[in-house]
Each structure stands twice: as structure tokens, then as C-alpha cells.
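First up is the structure itself, then whatever we jot down about it.
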Amino acid sequence: MSAAEQYQAFKQLGLKLDMSRGKPAPEQLDLSNALVDALDTYKAADGTDARNYGGTIGLPEARALFAELLDVPAAQVVVDSSSSLSLMHDVIVYSLLNGVPGHAPWVQSPVTFLCPVPGYDRHFAICETRGIKMINVPLTEDGLDMDLVEKLVAEDASIKGMWIVPKYSNPGGVVYSERVVERLAAMKTAAPDFRLMWDDAYRFHHLGERKLAVADILAACAKAGNPDRAIVFASSSKVSWAGSGVAALAASPANIAWWTKHAGIRSIGPDKINQLRHVRYLKDLPTLEALMEQHRQLLKPKFDAVLAQFQAHLGEVPGVSWTRPEGGYFIDLVTPDGAAKRTVALAKEAGITLTPAGAAFPYGVDPKDRHIRIAPSFPSLEEINQAAQGIALSLRLALAA
């Protein structure tokens, strides 16, 4: 059968699958249903009534839990909100309006961010919405083209920050090497108030049995004499319940004091009941790791299914490749130049909704129209097998046109 005939036959299945976001499947959410009954008291360890106002930086036991998870002192941790993305947004806004410690508000002059690509569309949306110019920086197997990064930040004082997903990056699954982390921490920047927005979203989200680690960016920055450079973000969003988790940031003492000052204007306090529930349920690092192993058992077969279908249908197609991540939530399917948008459109016609082509780049523009983010987590294993086949047939038809 021709590519067109195979595609038309697939369309007759009448699928309706949404793979546009990396959402946990219902079976994954069910793993944490004990959260409903995890709360046996409203009182925190220090006597705080979690039902009331206060606690801008989080309950002591919640800060202690994230300190253990992130391997930093509890005094350098804030627990707030249900989403780390909201914390990232607020850090950007506070920096624009108030400046970071010891420096003028960013909004007083042009602001530029470096954006590793392919990357996370919601990072880019924050910058675009807030008027921050973005510059693409290509990812490499061990992290970044650091020669380019060091050149850019040394020459341009408008470059105030950089987005980083250091482990199992979205969507390529890249893991930053120790040497890249060291260079990011120590590099000379024309902007003295330069910040690394360190989104450690997939720290515990392993797919293989090997649990990869990334060097401690806060320690590396302190050692290099730039203790305030990095702000680390994390959450339980893909650990417990995606929409009802807890989020944290970790940073230098100066940055924590800065955050506390401005967050105290924004809010009278976070949802401390949810913090208590998570502390009682997750308990400690070993408990969390055991939970994440259950997630891995549910996720890995789905990723394996996508990889198997791609190999079967695209393995011999010139110019097509895909990542084989060891963790995280995504696969990056790379097409020949100019084929990604057409593939996504054909997949849509066949009942498979994907993230828009170009979403993994600032302004939604993939210069070569090559990258498609594949999110295998939400559909069932049977649906994933079908969807991966449909995506592959869509790409074959796009290339045959």
C-alpha cells in the first residue's frame, strides 16, 4: 500500500486522542488517592493552624521535605502555590518591576533571555507576554553549546537570564553534564544581575532503571562566587496530583529574603492544608522514590510503544529521527526540513491532537519546521500504539506529498 492508502485506512479507525500536553494518566493520579485521607490534623509542627492566614514561605515541615528532595538547606527553600510555573512567572514579574537584590528594575531597560531549544513553550510564553526578547540557543547531548552561551552573555548586558531544564528536558530529554553546570555557574556575564531560571521539573521522573543525577547548581554558583545567580524550581505536579500539588523554589539567602518581601505583598499565605497533606503522604525521599517507581512502571511501556512504532514505520525514512529519553514526559520527533507542521495537521485529520509544530521554540517558530513534541503519558497503552502509528503514517504522507 502507498503512504496515502495506509493513512486513509488509519483514518477509518475514527480515533479522538489528545496528546497536546504531558498530562499524567488517570492511573497515575490514582497512585496518590491516599492524599484524600492524609490529613489527620490542621496543626503544623510549630503549632500553626494551617486553615488560617500566614506562612508566606511555607510550613516548616513542607520546607524541610523539599530541602531533602532538592538537597539544600531548609532555610533556602520556599514552598508556595500548586504550580512551579506560577513561581517562575512571579520571579520574572518581581525582577521586572522591582529588580533583583541590589539592582534596578529590569523594566527600566531592554531585557533579553536565552532560550535553549527545543524547549518548554510555557517558559517562552512568560517572556513573550512580558515583553522579554528571546534568543535561541541549541541544545547538545550534554546540555548546551556553552561556547555560544558564554559569548552571548559576555557581550550583551541586556541578557538578564536564561531558562534551563537541566534533567530530562522538555521535549528532548537532555541531561546537563557536570561540566556544563560548572560553566553556567562561573561564566562571566555583562549583566551583573543575570539569573538562571533552573526548572528542575523532572528530577525524579526516570524511565529507565538508571537514575541520572545533575550537579547542584546552587553549590556550583556559590563556589564560583555567584551565589545569587540560580533560582531552582520544583513541584509535586507529576508526582502526586497534577492540578493539586505543591511547588517550591530554592535559592540563596538573599534571593529568599527578596522573594519573601515581594510575595508578602501578593498573598497573605499559601494553601497550607495542601502542604500538610503532601508532607504526611510523601513523608521523605525514599517514600517519594517508591511512588515514582510506580509511575515509571506505568509510563515506560507507553514510551517503549512509541519508540517501537516509530522504528517500525519510520526507521528507514531518510532524515527522520527521534529521541530515546531516559526520563521525563516527552519524545522529540525530528522530521526533514519543512515537514513538521504538515505532519501535525495530517495527524489532526486522523484524530490525533498534538502540540502545535513550533511550540518548542520562542514565538512558536521552529526555523526549520522539524520538531514535533510527542507526549505519551495520558492515553492508554492501546491508544498510544495506535497514535504512534498514526503519527508515523502522517509523517510518511507529509514527505510523500
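Order determines the names: the first chain of the C-alpha cells is A, the second B, and so forth; residues in each chain are numbered 1 upward, and ligands are numbered 1 upward as they are shown.
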
As a compact mmCIF listing (two decimals) with C-alpha atoms, in the first residue's frame, please: the residues near range 292-294 of chain A (cut-off 12 Å, only C-alpha atoms, same-chain neighbours under 2 positions excluded).
```txt
# COMPACT_ATOMS: atom_id res chain seq x y z
CA GLU A 27 -3.91 5.53 36.63
CA GLN A 28 -1.00 7.72 37.67
CA LEU A 29 -3.26 10.13 39.52
CA ASP A 30 -4.87 7.18 41.29
CA LEU A 31 -1.49 6.32 42.84
CA SER A 32 -1.90 9.34 45.13
CA TYR A 202 11.76 16.07 36.13
CA ARG A 203 14.26 15.46 38.91
CA PHE A 204 12.66 12.15 39.94
CA HIS A 205 10.94 11.22 36.69
CA HIS A 206 13.08 8.33 35.50
CA LEU A 207 12.03 5.99 32.71
CA GLY A 208 14.98 3.62 32.84
CA GLU A 209 16.39 1.79 35.82
CA ARG A 210 19.41 4.11 35.79
CA LYS A 211 18.68 7.22 37.87
CA SER A 236 4.91 17.63 43.03
CA LYS A 238 3.67 14.99 38.22
CA VAL A 239 4.43 13.18 41.47
CA SER A 240 1.06 13.37 43.24
CA LEU A 282 5.09 11.85 50.71
CA LEU A 285 12.81 11.00 49.80
CA PRO A 286 12.60 7.15 49.97
CA THR A 287 8.79 7.32 50.04
CA LEU A 288 8.73 9.66 47.06
CA GLU A 289 11.16 7.49 45.11
CA ALA A 290 9.00 4.43 45.74
CA ARG A 296 7.78 4.56 35.92
CA GLN A 297 6.11 1.18 35.63
CA LEU A 298 3.06 2.84 34.10
CA LEU A 299 4.94 5.22 31.81
CA LYS A 300 7.77 3.13 30.40
CA GLY A 327 13.29 10.18 31.88
CA GLY A 328 10.75 12.97 31.70
```

Subject >> Residues near Ile268 in chain A, cut-off 9 Å, only C-alpha atoms, skip fewer than 4 positions along chain, as a PyMOL selection string >> reply: chain A and resi 53-56+263-264

**OP:** Rounded to one decimal place, report the CA of Asp90 in chain A-CA of Val181 in chain A distance in Å.
**Re:**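 Answer for the CA of Asp90 in chain A to CA of Val181 in chain A separation: 24.4 Å.
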
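CA of Thr260 in chain A is positioned 25.8 Å from CA of Leu184 in chain A.
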
Using only C-alpha atoms, I'd like a table of the residues in range 175-195 of chain A that come within 9 Å of range 155-160 of chain A; for each, show the closest atom pair and its distance in Å rounded to one decimal, ordered by chain and ascending number, as JSON lines.
```
{"residue": "A:Thr189", "atom": "CA", "partner": "A:Ala157", "partner_atom": "CA", "distance": 7.4}
{"residue": "A:Ala190", "atom": "CA", "partner": "A:Ala157", "partner_atom": "CA", "distance": 4.5}
{"residue": "A:Ala191", "atom": "CA", "partner": "A:Ala157", "partner_atom": "CA", "distance": 4.4}
{"residue": "A:Pro192", "atom": "CA", "partner": "A:Ala157", "partner_atom": "CA", "distance": 8.2}
{"residue": "A:Asp193", "atom": "CA", "partner": "A:Lys160", "partner_atom": "CA", "distance": 6.5}
{"residue": "A:Phe194", "atom": "CA", "partner": "A:Lys160", "partner_atom": "CA", "distance": 4.4}
{"residue": "A:Arg195", "atom": "CA", "partner": "A:Lys160", "partner_atom": "CA", "distance": 6.2}
```

Selected residues, C-alpha atoms, written as a CSV table (one decimal), in the first residue's frame, please.
```
chain,number,residue,atom,x,y,z
A,189,THR,CA,28.1,38.0,32.2
A,190,ALA,CA,27.8,41.6,31.1
A,191,ALA,CA,24.7,41.9,33.2
A,192,PRO,CA,25.6,41.7,36.9
A,193,ASP,CA,22.0,40.7,37.8
A,194,PHE,CA,21.9,37.7,35.4
A,195,ARG,CA,19.7,34.8,36.6
```
